[in-house]
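Asker: To be precise about what I am sending: the file is called target_21.txt and holds compact mmCIF, N, CA and C atoms and all ligand atoms.
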```txt
# COMPACT_ATOMS: atom_id res chain seq x y z
N MET A 1 -20.45 -26.50 35.11
CA MET A 1 -20.61 -26.89 33.70
C MET A 1 -20.79 -25.65 32.84
N LYS A 2 -21.74 -24.81 33.26
CA LYS A 2 -21.99 -23.54 32.57
C LYS A 2 -20.71 -22.69 32.50
N ASN A 3 -20.03 -22.65 33.64
CA ASN A 3 -18.81 -21.86 33.74
C ASN A 3 -17.74 -22.36 32.78
N ALA A 4 -17.63 -23.67 32.69
CA ALA A 4 -16.60 -24.28 31.83
C ALA A 4 -16.86 -23.89 30.38
N ALA A 5 -18.12 -23.90 29.98
CA ALA A 5 -18.48 -23.55 28.60
C ALA A 5 -18.14 -22.09 28.33
N PHE A 6 -18.42 -21.25 29.30
CA PHE A 6 -18.14 -19.82 29.16
C PHE A 6 -16.64 -19.59 28.99
N ILE A 7 -15.88 -20.27 29.82
CA ILE A 7 -14.41 -20.12 29.77
C ILE A 7 -13.89 -20.59 28.41
N THR A 8 -14.41 -21.71 27.92
CA THR A 8 -13.98 -22.23 26.62
C THR A 8 -14.26 -21.19 25.53
N ALA A 9 -15.46 -20.61 25.58
CA ALA A 9 -15.84 -19.61 24.57
C ALA A 9 -14.90 -18.41 24.64
N ALA A 10 -14.60 -17.98 25.84
CA ALA A 10 -13.71 -16.82 26.03
C ALA A 10 -12.32 -17.12 25.48
N VAL A 11 -11.84 -18.32 25.76
CA VAL A 11 -10.51 -18.70 25.29
C VAL A 11 -10.48 -18.73 23.77
N CYS A 12 -11.56 -19.26 23.17
CA CYS A 12 -11.65 -19.32 21.71
C CYS A 12 -11.59 -17.92 21.12
N LEU A 13 -12.31 -17.00 21.74
CA LEU A 13 -12.37 -15.62 21.28
C LEU A 13 -10.97 -15.00 21.28
N VAL A 14 -10.27 -15.21 22.37
CA VAL A 14 -8.91 -14.67 22.49
C VAL A 14 -8.02 -15.29 21.43
N ALA A 15 -8.15 -16.60 21.21
CA ALA A 15 -7.32 -17.30 20.24
C ALA A 15 -7.59 -16.77 18.84
N THR A 16 -8.86 -16.51 18.54
CA THR A 16 -9.23 -16.01 17.21
C THR A 16 -8.63 -14.63 16.95
N SER A 17 -8.74 -13.74 17.93
CA SER A 17 -8.22 -12.39 17.71
C SER A 17 -6.69 -12.41 17.66
N ALA A 18 -6.09 -13.31 18.41
CA ALA A 18 -4.62 -13.44 18.37
C ALA A 18 -4.19 -13.90 16.99
N LEU A 19 -4.98 -14.78 16.40
CA LEU A 19 -4.68 -15.32 15.08
C LEU A 19 -4.76 -14.22 14.03
N ALA A 20 -5.80 -13.40 14.12
CA ALA A 20 -5.97 -12.30 13.17
C ALA A 20 -4.80 -11.32 13.31
N ALA A 21 -4.43 -11.03 14.56
CA ALA A 21 -3.35 -10.08 14.80
C ALA A 21 -2.01 -10.64 14.33
N ALA A 22 -1.89 -11.95 14.32
CA ALA A 22 -0.63 -12.58 13.98
C ALA A 22 -0.25 -12.38 12.52
N SER A 23 -1.24 -12.12 11.66
CA SER A 23 -0.91 -11.98 10.24
C SER A 23 -1.10 -10.55 9.74
N THR A 24 -1.56 -9.65 10.62
CA THR A 24 -1.78 -8.27 10.21
C THR A 24 -0.50 -7.46 10.41
N PRO A 25 -0.05 -6.77 9.36
CA PRO A 25 1.16 -5.96 9.51
C PRO A 25 1.00 -4.91 10.61
N ARG A 26 2.05 -4.71 11.37
CA ARG A 26 2.04 -3.71 12.43
C ARG A 26 2.61 -2.40 11.89
N ILE A 27 1.94 -1.31 12.24
CA ILE A 27 2.40 0.02 11.85
C ILE A 27 2.89 0.71 13.11
N GLU A 28 4.18 1.03 13.17
CA GLU A 28 4.75 1.62 14.38
C GLU A 28 5.57 2.85 14.05
N ALA A 29 5.77 3.68 15.05
CA ALA A 29 6.63 4.87 14.95
C ALA A 29 6.26 5.75 13.76
N GLY A 30 4.97 5.81 13.47
CA GLY A 30 4.53 6.57 12.31
C GLY A 30 4.39 8.06 12.60
N TRP A 31 4.71 8.87 11.61
CA TRP A 31 4.48 10.31 11.71
C TRP A 31 4.34 10.91 10.31
N VAL A 32 3.73 12.08 10.29
CA VAL A 32 3.49 12.78 9.04
C VAL A 32 4.22 14.12 9.12
N ARG A 33 4.91 14.49 8.05
CA ARG A 33 5.62 15.77 8.05
C ARG A 33 4.63 16.91 7.84
N ALA A 34 4.68 17.90 8.69
CA ALA A 34 3.83 19.08 8.55
C ALA A 34 4.17 19.80 7.25
N THR A 35 3.17 20.36 6.58
CA THR A 35 3.42 21.04 5.30
C THR A 35 3.08 22.53 5.41
N PRO A 36 3.82 23.35 4.66
CA PRO A 36 3.49 24.78 4.61
C PRO A 36 2.19 24.98 3.82
N PRO A 37 1.52 26.13 4.03
CA PRO A 37 0.29 26.39 3.29
C PRO A 37 0.55 26.31 1.79
N GLY A 38 -0.38 25.71 1.07
CA GLY A 38 -0.28 25.63 -0.38
C GLY A 38 0.56 24.48 -0.91
N ALA A 39 1.18 23.71 -0.02
CA ALA A 39 1.98 22.58 -0.49
C ALA A 39 1.05 21.56 -1.15
N PRO A 40 1.44 21.08 -2.35
CA PRO A 40 0.57 20.13 -3.05
C PRO A 40 0.62 18.72 -2.49
N ALA A 41 1.69 18.41 -1.76
CA ALA A 41 1.86 17.03 -1.30
C ALA A 41 2.59 16.99 0.03
N GLY A 42 2.45 15.88 0.72
CA GLY A 42 3.15 15.66 1.98
C GLY A 42 3.66 14.24 2.03
N ALA A 43 4.29 13.88 3.14
CA ALA A 43 4.84 12.54 3.26
C ALA A 43 4.63 11.99 4.66
N ALA A 44 4.47 10.68 4.73
CA ALA A 44 4.34 9.99 6.00
C ALA A 44 5.43 8.93 6.10
N TYR A 45 5.91 8.72 7.32
CA TYR A 45 6.99 7.77 7.57
C TYR A 45 6.56 6.84 8.68
N LEU A 46 6.94 5.58 8.59
CA LEU A 46 6.54 4.60 9.60
C LEU A 46 7.35 3.32 9.46
N THR A 47 7.21 2.48 10.45
CA THR A 47 7.89 1.19 10.43
C THR A 47 6.85 0.10 10.30
N LEU A 48 7.03 -0.77 9.31
CA LEU A 48 6.08 -1.85 9.06
C LEU A 48 6.71 -3.18 9.45
N THR A 49 5.97 -3.95 10.23
CA THR A 49 6.43 -5.28 10.60
C THR A 49 5.38 -6.30 10.18
N ASN A 50 5.83 -7.32 9.51
CA ASN A 50 4.93 -8.39 9.08
C ASN A 50 5.15 -9.61 9.98
N PRO A 51 4.25 -9.81 10.95
CA PRO A 51 4.45 -10.92 11.87
C PRO A 51 4.00 -12.26 11.28
N GLY A 52 3.42 -12.21 10.08
CA GLY A 52 2.87 -13.42 9.45
C GLY A 52 3.96 -14.33 8.88
N LYS A 53 3.50 -15.48 8.39
CA LYS A 53 4.42 -16.47 7.83
C LYS A 53 4.50 -16.36 6.31
N THR A 54 3.74 -15.42 5.74
CA THR A 54 3.80 -15.22 4.30
C THR A 54 4.16 -13.77 4.01
N PRO A 55 4.92 -13.53 2.95
CA PRO A 55 5.27 -12.15 2.60
C PRO A 55 4.02 -11.37 2.21
N ASP A 56 4.06 -10.08 2.45
CA ASP A 56 2.94 -9.23 2.05
C ASP A 56 3.52 -8.05 1.29
N ARG A 57 2.65 -7.16 0.85
CA ARG A 57 3.09 -6.08 -0.02
C ARG A 57 2.22 -4.86 0.27
N LEU A 58 2.87 -3.74 0.53
CA LEU A 58 2.13 -2.49 0.74
C LEU A 58 1.86 -1.87 -0.64
N LEU A 59 0.59 -1.73 -0.96
CA LEU A 59 0.23 -1.27 -2.30
C LEU A 59 -0.09 0.22 -2.36
N GLY A 60 -0.60 0.78 -1.27
CA GLY A 60 -1.00 2.18 -1.27
C GLY A 60 -1.93 2.41 -0.10
N GLY A 61 -2.85 3.33 -0.26
CA GLY A 61 -3.76 3.57 0.84
C GLY A 61 -4.66 4.75 0.57
N SER A 62 -5.20 5.29 1.66
CA SER A 62 -6.07 6.45 1.55
C SER A 62 -6.06 7.21 2.87
N ALA A 63 -6.43 8.48 2.80
CA ALA A 63 -6.52 9.31 4.00
C ALA A 63 -7.49 10.43 3.69
N PRO A 64 -8.28 10.85 4.69
CA PRO A 64 -9.22 11.95 4.45
C PRO A 64 -8.47 13.23 4.09
N GLY A 65 -8.97 13.92 3.08
CA GLY A 65 -8.35 15.18 2.68
C GLY A 65 -7.15 15.01 1.77
N VAL A 66 -6.88 13.75 1.37
CA VAL A 66 -5.74 13.47 0.49
C VAL A 66 -6.29 12.75 -0.75
N LYS A 67 -5.95 13.28 -1.92
CA LYS A 67 -6.49 12.67 -3.15
C LYS A 67 -5.90 11.31 -3.44
N ARG A 68 -4.57 11.20 -3.30
CA ARG A 68 -3.91 9.94 -3.63
C ARG A 68 -2.84 9.62 -2.63
N VAL A 69 -2.77 8.35 -2.22
CA VAL A 69 -1.73 7.90 -1.30
C VAL A 69 -0.88 6.87 -2.05
N GLU A 70 0.40 7.18 -2.23
CA GLU A 70 1.28 6.29 -3.00
C GLU A 70 2.48 5.88 -2.15
N VAL A 71 3.10 4.76 -2.53
CA VAL A 71 4.33 4.32 -1.88
C VAL A 71 5.48 4.76 -2.78
N HIS A 72 6.42 5.52 -2.22
CA HIS A 72 7.53 6.06 -3.01
C HIS A 72 8.87 5.60 -2.46
N GLU A 73 9.86 5.69 -3.32
CA GLU A 73 11.23 5.44 -2.89
C GLU A 73 12.08 6.64 -3.28
N MET A 74 12.90 7.08 -2.34
CA MET A 74 13.82 8.18 -2.61
C MET A 74 15.19 7.55 -2.76
N SER A 75 15.90 7.94 -3.79
CA SER A 75 17.25 7.39 -3.93
C SER A 75 18.16 8.37 -4.65
N MET A 76 19.46 8.20 -4.45
CA MET A 76 20.46 9.02 -5.11
C MET A 76 20.74 8.43 -6.49
N THR A 77 20.54 9.22 -7.53
CA THR A 77 20.89 8.76 -8.87
C THR A 77 21.79 9.82 -9.48
N GLY A 78 23.04 9.48 -9.71
CA GLY A 78 23.99 10.42 -10.28
C GLY A 78 24.10 11.70 -9.47
N GLY A 79 24.10 11.57 -8.15
CA GLY A 79 24.25 12.72 -7.28
C GLY A 79 22.99 13.55 -7.11
N VAL A 80 21.90 13.08 -7.68
CA VAL A 80 20.64 13.81 -7.55
C VAL A 80 19.63 12.94 -6.80
N MET A 81 18.95 13.55 -5.81
CA MET A 81 17.91 12.84 -5.08
C MET A 81 16.68 12.71 -5.97
N ARG A 82 16.26 11.49 -6.21
CA ARG A 82 15.07 11.28 -7.02
C ARG A 82 14.04 10.49 -6.24
N MET A 83 12.81 10.66 -6.67
CA MET A 83 11.71 9.99 -6.01
C MET A 83 10.93 9.25 -7.07
N ARG A 84 10.59 8.00 -6.77
CA ARG A 84 9.77 7.28 -7.76
C ARG A 84 8.69 6.49 -7.05
N PRO A 85 7.51 6.41 -7.68
CA PRO A 85 6.45 5.59 -7.09
C PRO A 85 6.77 4.11 -7.28
N LEU A 86 6.52 3.32 -6.25
CA LEU A 86 6.71 1.88 -6.36
C LEU A 86 5.41 1.30 -6.90
N THR A 87 5.34 1.18 -8.21
CA THR A 87 4.09 0.76 -8.83
C THR A 87 3.73 -0.69 -8.49
N GLU A 88 4.73 -1.49 -8.17
CA GLU A 88 4.47 -2.88 -7.79
C GLU A 88 4.24 -3.02 -6.28
N GLY A 89 4.34 -1.91 -5.57
CA GLY A 89 4.20 -1.95 -4.12
C GLY A 89 5.53 -2.21 -3.44
N LEU A 90 5.48 -2.20 -2.11
CA LEU A 90 6.69 -2.40 -1.30
C LEU A 90 6.57 -3.75 -0.58
N ALA A 91 7.50 -4.65 -0.86
CA ALA A 91 7.46 -5.99 -0.28
C ALA A 91 7.86 -5.96 1.19
N ILE A 92 7.09 -6.68 2.00
CA ILE A 92 7.44 -6.84 3.41
C ILE A 92 7.59 -8.33 3.64
N PRO A 93 8.83 -8.78 3.86
CA PRO A 93 9.06 -10.22 3.99
C PRO A 93 8.36 -10.81 5.21
N ALA A 94 8.06 -12.09 5.15
CA ALA A 94 7.47 -12.78 6.30
C ALA A 94 8.38 -12.62 7.51
N GLY A 95 7.83 -12.15 8.60
CA GLY A 95 8.61 -11.96 9.81
C GLY A 95 9.57 -10.79 9.73
N GLY A 96 9.46 -9.99 8.68
CA GLY A 96 10.41 -8.90 8.45
C GLY A 96 9.88 -7.53 8.80
N THR A 97 10.79 -6.56 8.84
CA THR A 97 10.46 -5.18 9.15
C THR A 97 11.01 -4.28 8.05
N VAL A 98 10.21 -3.35 7.59
CA VAL A 98 10.66 -2.37 6.60
C VAL A 98 10.46 -0.98 7.19
N VAL A 99 11.50 -0.17 7.15
CA VAL A 99 11.44 1.17 7.72
C VAL A 99 11.24 2.20 6.60
N LEU A 100 10.20 3.00 6.73
CA LEU A 100 9.97 4.11 5.80
C LEU A 100 10.41 5.36 6.51
N LYS A 101 11.45 6.04 5.95
CA LYS A 101 12.00 7.19 6.65
C LYS A 101 12.48 8.25 5.65
N PRO A 102 12.67 9.48 6.12
CA PRO A 102 13.13 10.53 5.21
C PRO A 102 14.40 10.08 4.47
N GLY A 103 14.41 10.28 3.15
CA GLY A 103 15.56 9.88 2.35
C GLY A 103 15.46 8.47 1.81
N GLY A 104 14.40 7.74 2.20
CA GLY A 104 14.23 6.36 1.73
C GLY A 104 12.80 6.13 1.28
N TYR A 105 12.27 4.99 1.66
CA TYR A 105 10.86 4.72 1.35
C TYR A 105 9.98 5.69 2.13
N HIS A 106 8.89 6.10 1.53
CA HIS A 106 7.93 6.94 2.24
C HIS A 106 6.54 6.78 1.64
N ILE A 107 5.55 7.24 2.40
CA ILE A 107 4.18 7.27 1.92
C ILE A 107 3.95 8.67 1.40
N MET A 108 3.62 8.79 0.13
CA MET A 108 3.41 10.11 -0.47
C MET A 108 1.94 10.46 -0.40
N LEU A 109 1.67 11.63 0.14
CA LEU A 109 0.28 12.11 0.26
C LEU A 109 0.09 13.18 -0.80
N ILE A 110 -0.58 12.84 -1.87
CA ILE A 110 -0.68 13.72 -3.03
C ILE A 110 -2.06 14.36 -3.13
N GLY A 111 -2.06 15.69 -3.30
CA GLY A 111 -3.32 16.42 -3.43
C GLY A 111 -3.94 16.68 -2.07
N LEU A 112 -3.38 17.65 -1.35
CA LEU A 112 -3.86 17.95 0.00
C LEU A 112 -4.97 18.99 -0.06
N ASP A 113 -6.10 18.69 0.56
CA ASP A 113 -7.21 19.65 0.64
C ASP A 113 -6.81 20.85 1.50
N SER A 114 -6.03 20.58 2.56
CA SER A 114 -5.57 21.66 3.44
C SER A 114 -4.20 21.25 3.99
N PRO A 115 -3.42 22.24 4.48
CA PRO A 115 -2.08 21.91 4.98
C PRO A 115 -2.13 20.89 6.13
N LEU A 116 -1.11 20.09 6.23
CA LEU A 116 -0.98 19.14 7.33
C LEU A 116 -0.33 19.91 8.48
N LYS A 117 -1.12 20.16 9.52
CA LYS A 117 -0.68 21.04 10.60
C LYS A 117 -0.05 20.28 11.75
N ALA A 118 1.13 20.74 12.17
CA ALA A 118 1.79 20.12 13.32
C ALA A 118 0.86 20.14 14.52
N GLY A 119 0.79 19.03 15.24
CA GLY A 119 -0.08 18.91 16.40
C GLY A 119 -1.37 18.19 16.07
N ASP A 120 -1.75 18.18 14.78
CA ASP A 120 -2.93 17.42 14.36
C ASP A 120 -2.54 15.96 14.13
N THR A 121 -3.54 15.16 13.79
CA THR A 121 -3.26 13.77 13.44
C THR A 121 -3.87 13.48 12.07
N LEU A 122 -3.35 12.46 11.42
CA LEU A 122 -3.89 12.01 10.14
C LEU A 122 -4.28 10.55 10.27
N ARG A 123 -5.53 10.26 9.88
CA ARG A 123 -6.00 8.87 9.91
C ARG A 123 -5.63 8.24 8.57
N LEU A 124 -4.60 7.45 8.58
CA LEU A 124 -4.08 6.85 7.35
C LEU A 124 -4.48 5.38 7.28
N THR A 125 -5.06 5.00 6.16
CA THR A 125 -5.39 3.59 5.93
C THR A 125 -4.43 3.05 4.88
N LEU A 126 -3.64 2.09 5.26
CA LEU A 126 -2.71 1.47 4.32
C LEU A 126 -3.35 0.20 3.76
N ARG A 127 -3.11 -0.03 2.47
CA ARG A 127 -3.70 -1.20 1.82
C ARG A 127 -2.61 -2.21 1.49
N PHE A 128 -2.79 -3.40 2.04
CA PHE A 128 -1.83 -4.48 1.80
C PHE A 128 -2.43 -5.52 0.87
N GLU A 129 -1.57 -6.13 0.07
CA GLU A 129 -2.03 -7.13 -0.90
C GLU A 129 -2.77 -8.27 -0.20
N LYS A 130 -2.22 -8.79 0.88
CA LYS A 130 -2.84 -9.94 1.55
C LYS A 130 -3.67 -9.54 2.76
N ALA A 131 -3.15 -8.65 3.59
CA ALA A 131 -3.83 -8.30 4.84
C ALA A 131 -4.99 -7.33 4.61
N GLY A 132 -5.05 -6.68 3.44
CA GLY A 132 -6.11 -5.72 3.20
C GLY A 132 -5.82 -4.40 3.88
N PRO A 133 -6.87 -3.63 4.23
CA PRO A 133 -6.63 -2.32 4.83
C PRO A 133 -6.24 -2.40 6.30
N VAL A 134 -5.26 -1.60 6.68
CA VAL A 134 -4.85 -1.48 8.09
C VAL A 134 -4.77 0.00 8.39
N GLU A 135 -5.46 0.43 9.47
CA GLU A 135 -5.55 1.85 9.78
C GLU A 135 -4.59 2.25 10.89
N ALA A 136 -4.06 3.45 10.78
CA ALA A 136 -3.22 3.99 11.84
C ALA A 136 -3.48 5.49 11.95
N VAL A 137 -3.48 6.00 13.16
CA VAL A 137 -3.62 7.44 13.37
C VAL A 137 -2.23 7.99 13.66
N LEU A 138 -1.73 8.84 12.76
CA LEU A 138 -0.34 9.31 12.86
C LEU A 138 -0.29 10.77 13.29
N PRO A 139 0.64 11.10 14.18
CA PRO A 139 0.81 12.50 14.57
C PRO A 139 1.48 13.29 13.43
N ILE A 140 1.07 14.54 13.30
CA ILE A 140 1.70 15.43 12.31
C ILE A 140 2.73 16.27 13.05
N LYS A 141 3.98 16.23 12.56
CA LYS A 141 5.07 16.90 13.27
C LYS A 141 5.96 17.69 12.32
N THR A 142 6.60 18.68 12.90
CA THR A 142 7.68 19.35 12.19
C THR A 142 8.97 18.79 12.76
N PRO A 143 9.71 18.00 11.96
CA PRO A 143 10.93 17.41 12.52
C PRO A 143 11.94 18.50 12.82
N PRO A 144 12.70 18.36 13.93
CA PRO A 144 13.67 19.40 14.29
C PRO A 144 14.72 19.61 13.22
N ALA A 145 15.00 18.54 12.43
CA ALA A 145 16.06 18.63 11.43
C ALA A 145 15.51 19.04 10.05
N ALA A 146 14.26 19.47 9.99
CA ALA A 146 13.66 19.80 8.68
C ALA A 146 14.49 20.84 7.96
N GLY A 147 14.89 20.53 6.76
CA GLY A 147 15.66 21.48 5.95
C GLY A 147 17.11 21.58 6.36
N ALA A 148 17.50 20.85 7.41
CA ALA A 148 18.87 20.97 7.91
C ALA A 148 19.86 20.26 7.01
N HIS A 149 19.38 19.32 6.18
CA HIS A 149 20.32 18.67 5.28
C HIS A 149 20.03 19.09 3.85
CU CU B 201 7.44 10.77 -2.75
```
Any chance you could give the structure as C-alpha cells?
Answerer:
Amino acid sequence: MKNAAFITAAVCLVATSALAAASTPRIEAGWVRATPPGAPAGAAYLTLTNPGKTPDRLLGGSAPGVKRVEVHEMSMTGGVMRMRPLTEGLAIPAGGTVVLKPGGYHIMLIGLDSPLKAGDTLRLTLRFEKAGPVEAVLPIKTPPAAGAH
C-alpha cells in the first residue's frame, strides 16, 4: 500500500516536469562569436524550438557582463547588409523551429564589459513572452569562416 502511494507520487512528479518541459522553448546548437578586444558588441546564434501548442515570442534577454541583449535581424536591403532590432520580438510558431544564424536572425550582445573569449562560455538568459526566462550556457567560438565572406 505504502509502495503504491510512493509510485503514484513519483509518476505524478515525472508527469508534472514533462508538462513544464512540453511548453518551454528549447535552445539548441547555441554559440557566441568571440570578439576582439575593445569590441562594443557581440552576437549569439542558436536554434529555438517551441514544443508547445501556443505560439511564443522571443523578446530579449540578459547575460552577465552584457548591458543589453536584443533580438536582431540581418537582411540585404539594396545590396547593403543591414541589421535591425526586432522591437516586437521574434515569433516562434507552435511546434515550430526558428534558426538564428550569421546573416539572419541573431541575439545581439550590446555593451560588453570584457571581450568574449573563445573557449569560455556565456550564461545567456532568453526572455519569452509566454514561457518567461529560459537559460542556456553557450560556448564562445571563433568560427572557421569568420571574415571569409
Ligand atoms: Cu545585431
Asker: Just the residues within 7 Å of region 91-108 of chain A, please, counting only C-alpha atoms, with nothing from its chain fewer than 3 positions along; format it as a list in words.
Answerer: Gly42, Ala43, Ala44, Tyr45, Leu46, Thr47, Leu48, Thr49, Asn50, Pro51, Gly52, Lys53, Thr54, Pro55, Asp56, Arg57, Leu58, Val69, Glu70, Val71, His72, Glu73, Met74 and Ser75 of chain A
Asker: If I take CA of Leu59 (chain A) and atom C of Gly79 (chain A), how far is one from the other in Å, to one decimal?
Answerer: 27.6 Å
Asker: Restricting the calculation to all atoms listed in the file: of A:Gly60, A:Leu122, A:Pro143, A:Glu28, which residue gets closest to Leu90 (chain A)?
Answerer: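 Result for the nearest residue to Leu90 (chain A): A:Gly60.
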Asker: Report the residues of chain A whose backbone DSSP state falls under helix (DSSP H, G or I), written as a list in words.
Answerer: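 In chain A, DSSP puts these residues in helix (DSSP H, G or I): Lys2, Asn3, Ala4, Ala5, Phe6, Ile7, Thr8, Ala9, Ala10, Val11, Cys12, Leu13, Val14, Ala15, Thr16, Ser17, Ala18, Leu19, Ala20, Ala21, Ala22 and Ser23 of chain A.
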Asker: Please produce a file of the residues just selected, as a PDB file, in the frame of the given file, where the atoms kept are N, CA and C atoms.
Answerer:
```
ATOM      1  N   LYS A   2     -21.740 -24.810  33.260  1.00  0.00           N
ATOM      2  CA  LYS A   2     -21.990 -23.540  32.570  1.00  0.00           C
ATOM      3  C   LYS A   2     -20.710 -22.690  32.500  1.00  0.00           C
ATOM      4  N   ASN A   3     -20.030 -22.650  33.640  1.00  0.00           N
ATOM      5  CA  ASN A   3     -18.810 -21.860  33.740  1.00  0.00           C
ATOM      6  C   ASN A   3     -17.740 -22.360  32.780  1.00  0.00           C
ATOM      7  N   ALA A   4     -17.630 -23.670  32.690  1.00  0.00           N
ATOM      8  CA  ALA A   4     -16.600 -24.280  31.830  1.00  0.00           C
ATOM      9  C   ALA A   4     -16.860 -23.890  30.380  1.00  0.00           C
ATOM     10  N   ALA A   5     -18.120 -23.900  29.980  1.00  0.00           N
ATOM     11  CA  ALA A   5     -18.480 -23.550  28.600  1.00  0.00           C
ATOM     12  C   ALA A   5     -18.140 -22.090  28.330  1.00  0.00           C
ATOM     13  N   PHE A   6     -18.420 -21.250  29.300  1.00  0.00           N
ATOM     14  CA  PHE A   6     -18.140 -19.820  29.160  1.00  0.00           C
ATOM     15  C   PHE A   6     -16.640 -19.590  28.990  1.00  0.00           C
ATOM     16  N   ILE A   7     -15.880 -20.270  29.820  1.00  0.00           N
ATOM     17  CA  ILE A   7     -14.410 -20.120  29.770  1.00  0.00           C
ATOM     18  C   ILE A   7     -13.890 -20.590  28.410  1.00  0.00           C
ATOM     19  N   THR A   8     -14.410 -21.710  27.920  1.00  0.00           N
ATOM     20  CA  THR A   8     -13.980 -22.230  26.620  1.00  0.00           C
ATOM     21  C   THR A   8     -14.260 -21.190  25.530  1.00  0.00           C
ATOM     22  N   ALA A   9     -15.460 -20.610  25.580  1.00  0.00           N
ATOM     23  CA  ALA A   9     -15.840 -19.610  24.570  1.00  0.00           C
ATOM     24  C   ALA A   9     -14.900 -18.410  24.640  1.00  0.00           C
ATOM     25  N   ALA A  10     -14.600 -17.980  25.840  1.00  0.00           N
ATOM     26  CA  ALA A  10     -13.710 -16.820  26.030  1.00  0.00           C
ATOM     27  C   ALA A  10     -12.320 -17.120  25.480  1.00  0.00           C
ATOM     28  N   VAL A  11     -11.840 -18.320  25.760  1.00  0.00           N
ATOM     29  CA  VAL A  11     -10.510 -18.700  25.290  1.00  0.00           C
ATOM     30  C   VAL A  11     -10.480 -18.730  23.770  1.00  0.00           C
ATOM     31  N   CYS A  12     -11.560 -19.260  23.170  1.00  0.00           N
ATOM     32  CA  CYS A  12     -11.650 -19.320  21.710  1.00  0.00           C
ATOM     33  C   CYS A  12     -11.590 -17.920  21.120  1.00  0.00           C
ATOM     34  N   LEU A  13     -12.310 -17.000  21.740  1.00  0.00           N
ATOM     35  CA  LEU A  13     -12.370 -15.620  21.280  1.00  0.00           C
ATOM     36  C   LEU A  13     -10.970 -15.000  21.280  1.00  0.00           C
ATOM     37  N   VAL A  14     -10.270 -15.210  22.370  1.00  0.00           N
ATOM     38  CA  VAL A  14      -8.910 -14.670  22.490  1.00  0.00           C
ATOM     39  C   VAL A  14      -8.020 -15.290  21.430  1.00  0.00           C
ATOM     40  N   ALA A  15      -8.150 -16.600  21.210  1.00  0.00           N
ATOM     41  CA  ALA A  15      -7.320 -17.300  20.240  1.00  0.00           C
ATOM     42  C   ALA A  15      -7.590 -16.770  18.840  1.00  0.00           C
ATOM     43  N   THR A  16      -8.860 -16.510  18.540  1.00  0.00           N
ATOM     44  CA  THR A  16      -9.230 -16.010  17.210  1.00  0.00           C
ATOM     45  C   THR A  16      -8.630 -14.630  16.950  1.00  0.00           C
ATOM     46  N   SER A  17      -8.740 -13.740  17.930  1.00  0.00           N
ATOM     47  CA  SER A  17      -8.220 -12.390  17.710  1.00  0.00           C
ATOM     48  C   SER A  17      -6.690 -12.410  17.660  1.00  0.00           C
ATOM     49  N   ALA A  18      -6.090 -13.310  18.410  1.00  0.00           N
ATOM     50  CA  ALA A  18      -4.620 -13.440  18.370  1.00  0.00           C
ATOM     51  C   ALA A  18      -4.190 -13.900  16.990  1.00  0.00           C
ATOM     52  N   LEU A  19      -4.980 -14.780  16.400  1.00  0.00           N
ATOM     53  CA  LEU A  19      -4.680 -15.320  15.080  1.00  0.00           C
ATOM     54  C   LEU A  19      -4.760 -14.220  14.030  1.00  0.00           C
ATOM     55  N   ALA A  20      -5.800 -13.400  14.120  1.00  0.00           N
ATOM     56  CA  ALA A  20      -5.970 -12.300  13.170  1.00  0.00           C
ATOM     57  C   ALA A  20      -4.800 -11.320  13.310  1.00  0.00           C
ATOM     58  N   ALA A  21      -4.430 -11.030  14.560  1.00  0.00           N
ATOM     59  CA  ALA A  21      -3.350 -10.080  14.800  1.00  0.00           C
ATOM     60  C   ALA A  21      -2.010 -10.640  14.330  1.00  0.00           C
ATOM     61  N   ALA A  22      -1.890 -11.950  14.320  1.00  0.00           N
ATOM     62  CA  ALA A  22      -0.630 -12.580  13.980  1.00  0.00           C
ATOM     63  C   ALA A  22      -0.250 -12.380  12.520  1.00  0.00           C
ATOM     64  N   SER A  23      -1.240 -12.120  11.660  1.00  0.00           N
ATOM     65  CA  SER A  23      -0.910 -11.980  10.240  1.00  0.00           C
ATOM     66  C   SER A  23      -1.100 -10.550   9.740  1.00  0.00           C
TER      67      SER A  23
END
```
Asker: Using all atoms listed in the file, which of A:Ala63, A:Leu109, A:Gly78, A:Ile27 sits nearest ligand CU 201 (chain B)?
Answerer: A:Leu109
Asker: Give me, as a ChimeraX atom specification, the residues of chain A that a backbone DSSP run labels strand (DSSP E).
Answerer: /A:26-33,41-49,56-63,66-77,80-85,90-92,97-100,105-112,121-128,132-141
Asker: Restricting the calculation to only N, CA and C atoms and all ligand atoms, which member of A:Gly65, A:Pro85, A:Pro40, A:Pro25 is positioned closest to ligand CU 201 (chain B)?
Answerer: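 When distances to ligand CU 201 (chain B) are compared using only N, CA and C atoms and all ligand atoms, the smallest one comes from A:Pro85.
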Asker: Quick check, in Å to one decimal: how far apart do CA of Ile110 (chain A) and atom N of Lys67 (chain A) lie?
Answerer: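 We find that CA of Ile110 (chain A) and atom N of Lys67 (chain A) lie 5.4 Å from each other.
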Asker: So how many Å separate atom N of Val32 (chain A) and atom C of Lys117 (chain A), to one decimal?
Answerer: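 Between these atoms lies a distance of 9.1 Å.
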Asker: Could you give me, as a ChimeraX atom specification, the residues within 8 Å of Ser114 (chain A), counting all atoms listed in the file and dropping anything in the same chain fewer than 4 positions from it?
Answerer: /A:35-39,64-66
Asker: With distances taken over all atoms listed in the file, which residue among A:Trp31, A:Thr77, A:Arg84, A:Arg127 lies nearest ligand CU 201 (chain B)?
Answerer: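 Looking at the shortest contact to ligand CU 201 (chain B), the residue is A:Arg84.
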Asker: Closest to ligand CU 201 (chain B) among A:Ser23, A:Ala34, A:Met81, A:Pro133, using only C-alpha atoms and all ligand atoms?
Answerer: A:Met81
Asker: Looking at all atoms listed in the file, which of A:Gly119, A:Gly89, A:Gly61, A:Gly132 is the one that sits closest to Thr24 (chain A)?
Answerer: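 Of the candidates, the smallest distance to Thr24 (chain A) is held by A:Gly132.
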